[in-house]
Amino acid sequence: MLERTLLQILKESRYTTVLSGFEMLQESGYPVLRDGDESYDIEQKYGYLAEEMLSSSFFSTRTEQFFEFYRNEILSLLDRSPGRCFTLMAEMERKGLFHSIITRRIFGLPDRAGCRNVINMHGSVYDNYCPHCGEVYPMEYVRDSDRVPLCKKCGTVVRPKICLYGEMVDNQIITKAAEEVNKADVLVVLGTNLKTYLCSHLINYFEGNKLILVNPLPHFSDQFADIAIHESVESTLDKILKELGDNDNNE
């Protein structure tokens, strides 16, 4: 069976790095703010597209509108728990099958699900800071503030520590992510195709033995994976863990 093959590859791997993609967010019930009905509703409600309002220029020039959108459409999603695909991923890390997780998503879902070695390339909504004095603030401070959250020490606008549209990802974070991919002998891509931004830049650093792809939607780039599986991330990880349990019971 395929899950037995996957389990064997992961058990034999010295170091396995995971790229966690957008489909895992959707499996957890998070809306697609840039596409479909959600995008249309946001534009009708605010008069701007989601990516316009989540940009560095919008933050600088329309700060109050930025935080209105940010609180109503981004932070309001945090009452949703990480989906089972994330909790299964955390369990696989605890069992030594995964060693590091890399994601571009800003909701902190791998961390909240229990993953320990996570690189949030675009930051996390749970981290906020004052760009003037460096004071650190929790997500709740931004969420519960009236209009624009200001630093208690110096009065500067508190900034979410996320990469906004129009900004470059921190070079130190890119370097760390590249190092994680480079030292892996197995690379597992979950919930995205190999031509997305997350994958296309980092896969160039992969020098390992096996590239495993799990994504519900087929894509022409699947041919570059050693194993490509077209089903939900939750389903695949669940099968691997059940196979692991069966193996442990038979030993």
# chains A, B, ... in the order shown; residues from 1 in each chain; ligands from 1
>>> residues_around(residues="Ile119 (chain A)", least_positions_apart="2", cutoff="12 Å", atoms="only C-alpha atoms", output="PyMOL selection string")
chain A and resi 17-20+99-106+108-111+115-117+121-124+170+172-181+198
>>> residues_around(residues="region 229-231 of chain A", least_positions_apart="6", cutoff="8 Å", atoms="only C-alpha atoms", output="list in words")
Leu213, Val214, Asn215, Pro216, Leu217 and Pro218 of chain A
>>> select_by_dssp(residues="region 66-192 of chain A", states="alpha helix (DSSP H)", output="JSON, numbers by chain")
{"A": [66, 67, 68, 69, 84, 85, 86, 87, 88, 89, 90, 91, 92, 93, 94, 109, 110, 111, 112, 113, 139, 140, 141, 142, 143, 171, 172, 173, 174, 175, 176, 177, 178, 179, 180, 181, 182]}
>>> closest_atom_pairs(of="region 165-237 of chain A", to="region 77-94 of chain A", cutoff="9 Å", atoms="only C-alpha atoms", output="JSON lines")
{"residue": "A:Ser232", "atom": "CA", "partner": "A:Cys85", "partner_atom": "CA", "distance": 8.4}
{"residue": "A:Val233", "atom": "CA", "partner": "A:Cys85", "partner_atom": "CA", "distance": 5.9}
{"residue": "A:Glu234", "atom": "CA", "partner": "A:Cys85", "partner_atom": "CA", "distance": 4.2}
{"residue": "A:Ser235", "atom": "CA", "partner": "A:Cys85", "partner_atom": "CA", "distance": 8.0}
{"residue": "A:Leu237", "atom": "CA", "partner": "A:Leu88", "partner_atom": "CA", "distance": 6.3}
>>> write_last_selection(atoms="N, CA and C atoms", output="CSV table (one decimal), in the first residue's frame")
chain,number,residue,atom,x,y,z
A,232,SER,N,-6.8,14.9,0.1
A,232,SER,CA,-6.6,15.9,1.1
A,232,SER,C,-5.4,15.5,2.0
A,233,VAL,N,-4.8,16.6,2.5
A,233,VAL,CA,-3.7,16.4,3.4
A,233,VAL,C,-4.1,15.5,4.6
A,234,GLU,N,-5.3,15.9,5.2
A,234,GLU,CA,-5.8,15.1,6.3
A,234,GLU,C,-5.9,13.6,6.1
A,235,SER,N,-6.4,13.3,4.9
A,235,SER,CA,-6.6,11.9,4.6
A,235,SER,C,-5.2,11.1,4.5
A,237,LEU,N,-2.2,12.0,5.8
A,237,LEU,CA,-1.5,11.9,7.1
A,237,LEU,C,-2.1,10.9,8.0
>>> residues_around(residues="Gln8 (chain A)", least_positions_apart="6", cutoff="12 Å", atoms="only C-alpha atoms", output="list in words")
Met1, Leu2, Arg14, Leu97, Val186, Lys210, Ile240, Leu241, Glu243, Leu244 and Asn247 of chain A
>>> write_last_selection(atoms="all heavy atoms", output="PDB file, in the first residue's frame")
ATOM      1  N   MET A   1       0.845  -1.204   0.000  1.00  0.00           N
ATOM      2  CA  MET A   1       0.000   0.000   0.000  1.00  0.00           C
ATOM      3  C   MET A   1       0.874   1.245   0.000  1.00  0.00           C
ATOM      4  O   MET A   1       1.979   1.237   0.539  1.00  0.00           O
ATOM      5  CB  MET A   1      -0.920   0.008   1.219  1.00  0.00           C
ATOM      6  CG  MET A   1      -1.976  -1.105   1.199  1.00  0.00           C
ATOM      7  SD  MET A   1      -3.175  -0.918   2.542  1.00  0.00           S
ATOM      8  CE  MET A   1      -2.109  -1.146   3.963  1.00  0.00           C
ATOM      9  N   LEU A   2       0.323   2.332  -0.552  1.00  0.00           N
ATOM     10  CA  LEU A   2       1.088   3.562  -0.677  1.00  0.00           C
ATOM     11  C   LEU A   2       1.478   4.125   0.680  1.00  0.00           C
ATOM     12  O   LEU A   2       2.616   4.588   0.868  1.00  0.00           O
ATOM     13  CB  LEU A   2       0.291   4.599  -1.464  1.00  0.00           C
ATOM     14  CG  LEU A   2       0.971   5.951  -1.696  1.00  0.00           C
ATOM     15  CD1 LEU A   2       2.312   5.767  -2.407  1.00  0.00           C
ATOM     16  CD2 LEU A   2       0.063   6.863  -2.503  1.00  0.00           C
ATOM     17  N   ARG A  14      16.663  10.729   7.623  1.00  0.00           N
ATOM     18  CA  ARG A  14      17.436  11.354   8.696  1.00  0.00           C
ATOM     19  C   ARG A  14      16.806  12.686   9.111  1.00  0.00           C
ATOM     20  O   ARG A  14      16.757  13.029  10.290  1.00  0.00           O
ATOM     21  CB  ARG A  14      18.877  11.578   8.216  1.00  0.00           C
ATOM     22  CG  ARG A  14      19.774  12.352   9.184  1.00  0.00           C
ATOM     23  CD  ARG A  14      21.092  12.693   8.504  1.00  0.00           C
ATOM     24  NE  ARG A  14      20.871  13.390   7.239  1.00  0.00           N
ATOM     25  CZ  ARG A  14      20.617  14.702   7.138  1.00  0.00           C
ATOM     26  NH1 ARG A  14      20.539  15.455   8.225  1.00  0.00           N
ATOM     27  NH2 ARG A  14      20.434  15.259   5.952  1.00  0.00           N
ATOM     28  N   LEU A  97       8.613  11.780  12.552  1.00  0.00           N
ATOM     29  CA  LEU A  97       8.509  11.593  11.103  1.00  0.00           C
ATOM     30  C   LEU A  97       8.718  12.895  10.346  1.00  0.00           C
ATOM     31  O   LEU A  97       9.159  12.881   9.197  1.00  0.00           O
ATOM     32  CB  LEU A  97       7.135  11.000  10.754  1.00  0.00           C
ATOM     33  CG  LEU A  97       6.830   9.632  11.359  1.00  0.00           C
ATOM     34  CD1 LEU A  97       5.406   9.196  11.017  1.00  0.00           C
ATOM     35  CD2 LEU A  97       7.831   8.582  10.880  1.00  0.00           C
ATOM     36  N   VAL A 186      14.461  14.153   2.841  1.00  0.00           N
ATOM     37  CA  VAL A 186      13.099  13.999   2.322  1.00  0.00           C
ATOM     38  C   VAL A 186      12.388  15.334   2.457  1.00  0.00           C
ATOM     39  O   VAL A 186      12.413  15.953   3.525  1.00  0.00           O
ATOM     40  CB  VAL A 186      12.309  12.905   3.070  1.00  0.00           C
ATOM     41  CG1 VAL A 186      10.852  12.884   2.610  1.00  0.00           C
ATOM     42  CG2 VAL A 186      12.946  11.535   2.852  1.00  0.00           C
ATOM     43  N   LYS A 210      14.096  12.125  -1.744  1.00  0.00           N
ATOM     44  CA  LYS A 210      12.700  11.952  -2.106  1.00  0.00           C
ATOM     45  C   LYS A 210      11.924  13.253  -1.923  1.00  0.00           C
ATOM     46  O   LYS A 210      12.010  13.900  -0.874  1.00  0.00           O
ATOM     47  CB  LYS A 210      12.043  10.864  -1.254  1.00  0.00           C
ATOM     48  CG  LYS A 210      12.582   9.458  -1.482  1.00  0.00           C
ATOM     49  CD  LYS A 210      12.188   8.920  -2.858  1.00  0.00           C
ATOM     50  CE  LYS A 210      12.672   7.486  -3.030  1.00  0.00           C
ATOM     51  NZ  LYS A 210      12.339   6.959  -4.375  1.00  0.00           N
ATOM     52  N   ILE A 240      -1.053   7.451   7.053  1.00  0.00           N
ATOM     53  CA  ILE A 240       0.336   7.170   7.460  1.00  0.00           C
ATOM     54  C   ILE A 240       0.405   6.857   8.952  1.00  0.00           C
ATOM     55  O   ILE A 240       1.069   5.912   9.387  1.00  0.00           O
ATOM     56  CB  ILE A 240       1.258   8.350   7.107  1.00  0.00           C
ATOM     57  CG1 ILE A 240       1.359   8.511   5.587  1.00  0.00           C
ATOM     58  CG2 ILE A 240       2.645   8.145   7.705  1.00  0.00           C
ATOM     59  CD1 ILE A 240       2.089   9.765   5.150  1.00  0.00           C
ATOM     60  N   LEU A 241      -0.302   7.651   9.752  1.00  0.00           N
ATOM     61  CA  LEU A 241      -0.272   7.444  11.203  1.00  0.00           C
ATOM     62  C   LEU A 241      -0.965   6.142  11.595  1.00  0.00           C
ATOM     63  O   LEU A 241      -0.531   5.464  12.534  1.00  0.00           O
ATOM     64  CB  LEU A 241      -0.918   8.632  11.916  1.00  0.00           C
ATOM     65  CG  LEU A 241      -0.046   9.894  11.964  1.00  0.00           C
ATOM     66  CD1 LEU A 241      -0.848  11.100  12.414  1.00  0.00           C
ATOM     67  CD2 LEU A 241       1.156   9.674  12.880  1.00  0.00           C
ATOM     68  N   GLU A 243      -1.020   3.483   9.707  1.00  0.00           N
ATOM     69  CA  GLU A 243      -0.038   2.464   9.316  1.00  0.00           C
ATOM     70  C   GLU A 243       1.063   2.364  10.364  1.00  0.00           C
ATOM     71  O   GLU A 243       1.503   1.263  10.707  1.00  0.00           O
ATOM     72  CB  GLU A 243       0.546   2.810   7.952  1.00  0.00           C
ATOM     73  CG  GLU A 243       1.566   1.810   7.436  1.00  0.00           C
ATOM     74  CD  GLU A 243       0.964   0.443   7.096  1.00  0.00           C
ATOM     75  OE1 GLU A 243      -0.245   0.375   6.810  1.00  0.00           O
ATOM     76  OE2 GLU A 243       1.722  -0.539   7.123  1.00  0.00           O
ATOM     77  N   LEU A 244       1.488   3.486  10.904  1.00  0.00           N
ATOM     78  CA  LEU A 244       2.503   3.503  11.954  1.00  0.00           C
ATOM     79  C   LEU A 244       1.986   2.770  13.191  1.00  0.00           C
ATOM     80  O   LEU A 244       2.704   1.973  13.802  1.00  0.00           O
ATOM     81  CB  LEU A 244       2.873   4.936  12.318  1.00  0.00           C
ATOM     82  CG  LEU A 244       3.884   5.099  13.468  1.00  0.00           C
ATOM     83  CD1 LEU A 244       5.224   4.500  13.090  1.00  0.00           C
ATOM     84  CD2 LEU A 244       4.043   6.571  13.821  1.00  0.00           C
ATOM     85  N   ASN A 247       1.992  -0.910  12.571  1.00  0.00           N
ATOM     86  CA  ASN A 247       3.354  -1.451  12.618  1.00  0.00           C
ATOM     87  C   ASN A 247       3.824  -1.637  14.056  1.00  0.00           C
ATOM     88  O   ASN A 247       4.431  -2.637  14.424  1.00  0.00           O
ATOM     89  CB  ASN A 247       4.324  -0.523  11.888  1.00  0.00           C
ATOM     90  CG  ASN A 247       4.239  -0.693  10.374  1.00  0.00           C
ATOM     91  OD1 ASN A 247       3.422  -1.449   9.874  1.00  0.00           O
ATOM     92  ND2 ASN A 247       5.092   0.018   9.662  1.00  0.00           N
TER      93      ASN A 247
END
>>> closest_residue(among="A:Gly155, A:Lys161, A:Ser76, A:Val118", to="Pro138 (chain A)", atoms="only C-alpha atoms")
A:Lys161
>>> residues_around(residues="Asn209 (chain A)", least_positions_apart="5", cutoff="9 Å", atoms="only C-alpha atoms", output="mmCIF file with all heavy atoms, in the first residue's frame")
data_model
loop_
_atom_site.group_PDB
_atom_site.id
_atom_site.type_symbol
_atom_site.label_atom_id
_atom_site.label_comp_id
_atom_site.auth_asym_id
_atom_site.auth_seq_id
_atom_site.Cartn_x
_atom_site.Cartn_y
_atom_site.Cartn_z
ATOM 1 N N ALA A 184 17.555 18.572 4.384
ATOM 2 C CA ALA A 184 16.591 17.479 4.382
ATOM 3 C C ALA A 184 16.953 16.431 3.341
ATOM 4 O O ALA A 184 17.383 16.759 2.235
ATOM 5 C CB ALA A 184 15.183 18.025 4.099
ATOM 6 N N ASP A 185 16.777 15.146 3.704
ATOM 7 C CA ASP A 185 16.904 14.116 2.676
ATOM 8 C C ASP A 185 15.532 13.704 2.156
ATOM 9 O O ASP A 185 15.433 13.026 1.134
ATOM 10 C CB ASP A 185 17.705 12.903 3.153
ATOM 11 C CG ASP A 185 17.266 12.377 4.499
ATOM 12 O OD1 ASP A 185 16.325 12.944 5.088
ATOM 13 O OD2 ASP A 185 17.866 11.393 4.960
ATOM 14 N N VAL A 186 14.461 14.153 2.841
ATOM 15 C CA VAL A 186 13.099 13.999 2.322
ATOM 16 C C VAL A 186 12.388 15.334 2.457
ATOM 17 O O VAL A 186 12.413 15.953 3.525
ATOM 18 C CB VAL A 186 12.309 12.905 3.070
ATOM 19 C CG1 VAL A 186 10.852 12.884 2.610
ATOM 20 C CG2 VAL A 186 12.946 11.535 2.852
ATOM 21 N N LEU A 187 11.772 15.786 1.374
ATOM 22 C CA LEU A 187 10.994 17.022 1.374
ATOM 23 C C LEU A 187 9.544 16.654 1.099
ATOM 24 O O LEU A 187 9.240 16.007 0.101
ATOM 25 C CB LEU A 187 11.506 17.993 0.307
ATOM 26 C CG LEU A 187 10.813 19.357 0.232
ATOM 27 C CD1 LEU A 187 11.058 20.160 1.504
ATOM 28 C CD2 LEU A 187 11.318 20.145 -0.981
ATOM 29 N N ASP A 226 8.717 12.812 -6.715
ATOM 30 C CA ASP A 226 8.954 11.372 -6.777
ATOM 31 C C ASP A 226 7.657 10.607 -6.517
ATOM 32 O O ASP A 226 7.419 9.557 -7.110
ATOM 33 C CB ASP A 226 10.020 10.979 -5.746
ATOM 34 C CG ASP A 226 11.373 11.573 -6.070
ATOM 35 O OD1 ASP A 226 11.948 11.184 -7.103
ATOM 36 O OD2 ASP A 226 11.845 12.438 -5.311
#
>>> closest_residue(among="A:Phe224, A:Phe67, A:Cys163, A:Lys45", to="Leu150 (chain A)", atoms="only C-alpha atoms")
A:Phe67
>>> closest_residue(among="A:Tyr165, A:Glu73, A:Arg159, A:Phe22", to="Glu52 (chain A)", atoms="only C-alpha atoms")
A:Tyr165
>>> atom_distance(atom1="CA of Leu6 (chain A)", atom2="CA of Tyr30 (chain A)")
28.1 Å
>>> select_by_dssp(residues="region 29-193 of chain A", states="strand (DSSP E)", output="MDAnalysis selection string")
chainID A and resid 100:103 118:120 123:129 136:137 159:162 186:190
>>> residues_around(residues="Asn72 (chain A)", least_positions_apart="2", cutoff="12 Å", atoms="only C-alpha atoms", output="JSON, numbers by chain")
{"A": [42, 45, 46, 50, 65, 66, 67, 68, 69, 70, 74, 75, 76, 77, 78, 142, 143, 144, 147]}
>>> write_last_selection(atoms="N, CA, C and O atoms", output="CSV table (one decimal), in the first residue's frame")
chain,number,residue,atom,x,y,z
A,42,ILE,N,-15.6,41.5,0.1
A,42,ILE,CA,-14.7,42.5,0.7
A,42,ILE,C,-14.6,43.8,-0.1
A,42,ILE,O,-14.7,44.9,0.5
A,45,LYS,N,-17.7,45.8,0.5
A,45,LYS,CA,-17.8,46.3,1.9
A,45,LYS,C,-16.8,47.4,2.1
A,45,LYS,O,-17.2,48.4,2.8
A,46,TYR,N,-15.6,47.3,1.6
A,46,TYR,CA,-14.6,48.3,1.9
A,46,TYR,C,-14.2,49.2,0.8
A,46,TYR,O,-13.6,50.3,1.0
A,50,ALA,N,-8.7,42.9,-1.1
A,50,ALA,CA,-8.1,42.4,0.2
A,50,ALA,C,-6.6,42.7,0.1
A,50,ALA,O,-6.0,43.2,1.1
A,65,GLN,N,-8.2,52.6,8.3
A,65,GLN,CA,-8.9,51.6,7.5
A,65,GLN,C,-8.2,50.3,7.4
A,65,GLN,O,-8.9,49.2,7.4
A,66,PHE,N,-6.9,50.3,7.5
A,66,PHE,CA,-6.1,49.1,7.5
A,66,PHE,C,-6.5,48.2,8.7
A,66,PHE,O,-6.8,47.0,8.6
A,67,PHE,N,-6.6,48.9,9.9
A,67,PHE,CA,-6.9,48.1,11.1
A,67,PHE,C,-8.4,47.7,11.2
A,67,PHE,O,-8.7,46.7,11.8
A,68,GLU,N,-9.2,48.5,10.6
A,68,GLU,CA,-10.6,48.1,10.5
A,68,GLU,C,-10.7,46.8,9.8
A,68,GLU,O,-11.4,45.8,10.2
A,69,PHE,N,-10.1,46.7,8.6
A,69,PHE,CA,-10.1,45.5,7.8
A,69,PHE,C,-9.4,44.4,8.5
A,69,PHE,O,-9.9,43.2,8.6
A,70,TYR,N,-8.2,44.7,9.1
A,70,TYR,CA,-7.4,43.7,9.7
A,70,TYR,C,-8.1,43.0,10.9
A,70,TYR,O,-8.1,41.8,11.0
A,74,ILE,N,-9.3,39.5,9.3
A,74,ILE,CA,-8.1,38.7,9.6
A,74,ILE,C,-8.2,38.1,11.0
A,74,ILE,O,-8.3,36.9,11.3
A,75,LEU,N,-8.2,39.0,12.0
A,75,LEU,CA,-8.1,38.6,13.4
A,75,LEU,C,-9.4,37.9,13.8
A,75,LEU,O,-9.4,37.0,14.7
A,76,SER,N,-10.5,38.2,13.2
A,76,SER,CA,-11.8,37.5,13.5
A,76,SER,C,-11.8,36.1,13.2
A,76,SER,O,-12.6,35.3,13.7
A,77,LEU,N,-10.8,35.6,12.3
A,77,LEU,CA,-10.8,34.2,11.9
A,77,LEU,C,-10.1,33.4,13.0
A,77,LEU,O,-10.1,32.1,12.9
A,78,LEU,N,-9.5,34.0,14.0
A,78,LEU,CA,-8.6,33.2,14.9
A,78,LEU,C,-9.4,32.4,15.9
A,78,LEU,O,-8.9,31.6,16.7
A,142,VAL,N,-3.9,44.3,19.8
A,142,VAL,CA,-4.4,44.9,18.5
A,142,VAL,C,-5.9,44.6,18.3
A,142,VAL,O,-6.6,45.5,17.9
A,143,ARG,N,-6.3,43.4,18.6
A,143,ARG,CA,-7.7,43.0,18.4
A,143,ARG,C,-8.6,43.9,19.2
A,143,ARG,O,-9.7,44.3,18.7
A,144,ASP,N,-8.2,44.2,20.4
A,144,ASP,CA,-9.1,44.9,21.4
A,144,ASP,C,-9.0,46.4,21.4
A,144,ASP,O,-9.7,47.1,22.2
A,147,ARG,N,-9.9,51.6,17.2
A,147,ARG,CA,-9.3,52.2,16.0
A,147,ARG,C,-7.9,51.8,15.8
A,147,ARG,O,-7.6,50.7,15.5
>>> decode(residues="region 17-86 of chain A", atoms="C-alpha atoms", output="compact mmCIF listing (two decimals), in the first residue's frame")
# COMPACT_ATOMS: atom_id res chain seq x y z
CA THR A 17 11.25 19.13 6.06
CA VAL A 18 7.62 20.01 5.29
CA LEU A 19 6.31 22.85 3.14
CA SER A 20 2.79 23.60 4.36
CA GLY A 21 0.64 25.20 1.68
CA PHE A 22 -2.58 27.04 1.09
CA GLU A 23 -4.88 24.01 0.72
CA MET A 24 -4.25 23.15 4.36
CA LEU A 25 -5.70 26.53 5.26
CA GLN A 26 -8.81 25.74 3.25
CA GLU A 27 -9.06 22.30 4.83
CA SER A 28 -9.23 24.13 8.16
CA GLY A 29 -12.20 26.20 6.99
CA TYR A 30 -10.42 29.50 6.38
CA PRO A 31 -11.88 31.63 3.56
CA VAL A 32 -10.04 32.54 0.38
CA LEU A 33 -9.93 36.33 0.77
CA ARG A 34 -8.38 36.98 -2.65
CA ASP A 35 -10.67 34.84 -4.78
CA GLY A 36 -14.31 34.08 -5.41
CA ASP A 37 -17.23 35.37 -3.41
CA GLU A 38 -15.13 36.42 -0.43
CA SER A 39 -13.04 38.76 -2.57
CA TYR A 40 -16.15 40.31 -4.12
CA ASP A 41 -17.80 40.77 -0.72
CA ILE A 42 -14.71 42.46 0.71
CA GLU A 43 -14.45 44.86 -2.21
CA GLN A 44 -18.14 45.71 -1.88
CA LYS A 45 -17.79 46.25 1.86
CA TYR A 46 -14.57 48.31 1.94
CA GLY A 47 -14.16 49.63 -1.60
CA TYR A 48 -10.75 47.98 -1.96
CA LEU A 49 -9.41 44.52 -2.73
CA ALA A 50 -8.06 42.44 0.16
CA GLU A 51 -4.48 42.57 -1.13
CA GLU A 52 -4.71 46.36 -1.44
CA MET A 53 -5.72 46.73 2.19
CA LEU A 54 -3.13 44.23 3.41
CA SER A 55 -0.31 46.18 1.77
CA SER A 56 2.47 48.29 3.25
CA SER A 57 1.29 51.39 1.38
CA PHE A 58 -2.27 51.02 2.72
CA PHE A 59 -0.91 50.55 6.25
CA SER A 60 1.10 53.77 5.90
CA THR A 61 -1.49 55.99 4.20
CA ARG A 62 -4.85 54.64 5.41
CA THR A 63 -3.89 53.29 8.81
CA GLU A 64 -7.32 53.41 10.42
CA GLN A 65 -8.93 51.61 7.45
CA PHE A 66 -6.12 49.07 7.52
CA PHE A 67 -6.88 48.12 11.11
CA GLU A 68 -10.62 48.09 10.52
CA PHE A 69 -10.11 45.50 7.78
CA TYR A 70 -7.38 43.67 9.71
CA ARG A 71 -9.50 43.23 12.83
CA ASN A 72 -12.76 42.42 11.02
CA GLU A 73 -11.45 40.08 8.33
CA ILE A 74 -8.14 38.67 9.61
CA LEU A 75 -8.13 38.58 13.40
CA SER A 76 -11.78 37.54 13.52
CA LEU A 77 -10.76 34.22 11.94
CA LEU A 78 -8.63 33.23 14.92
CA ASP A 79 -11.59 31.78 16.82
CA ARG A 80 -11.37 28.89 14.34
CA SER A 81 -9.20 26.05 15.56
CA PRO A 82 -6.49 24.56 13.36
CA GLY A 83 -7.92 21.83 11.16
CA ARG A 84 -7.20 18.17 11.74
CA CYS A 85 -4.60 18.27 8.95
CA PHE A 86 -2.48 20.51 11.23
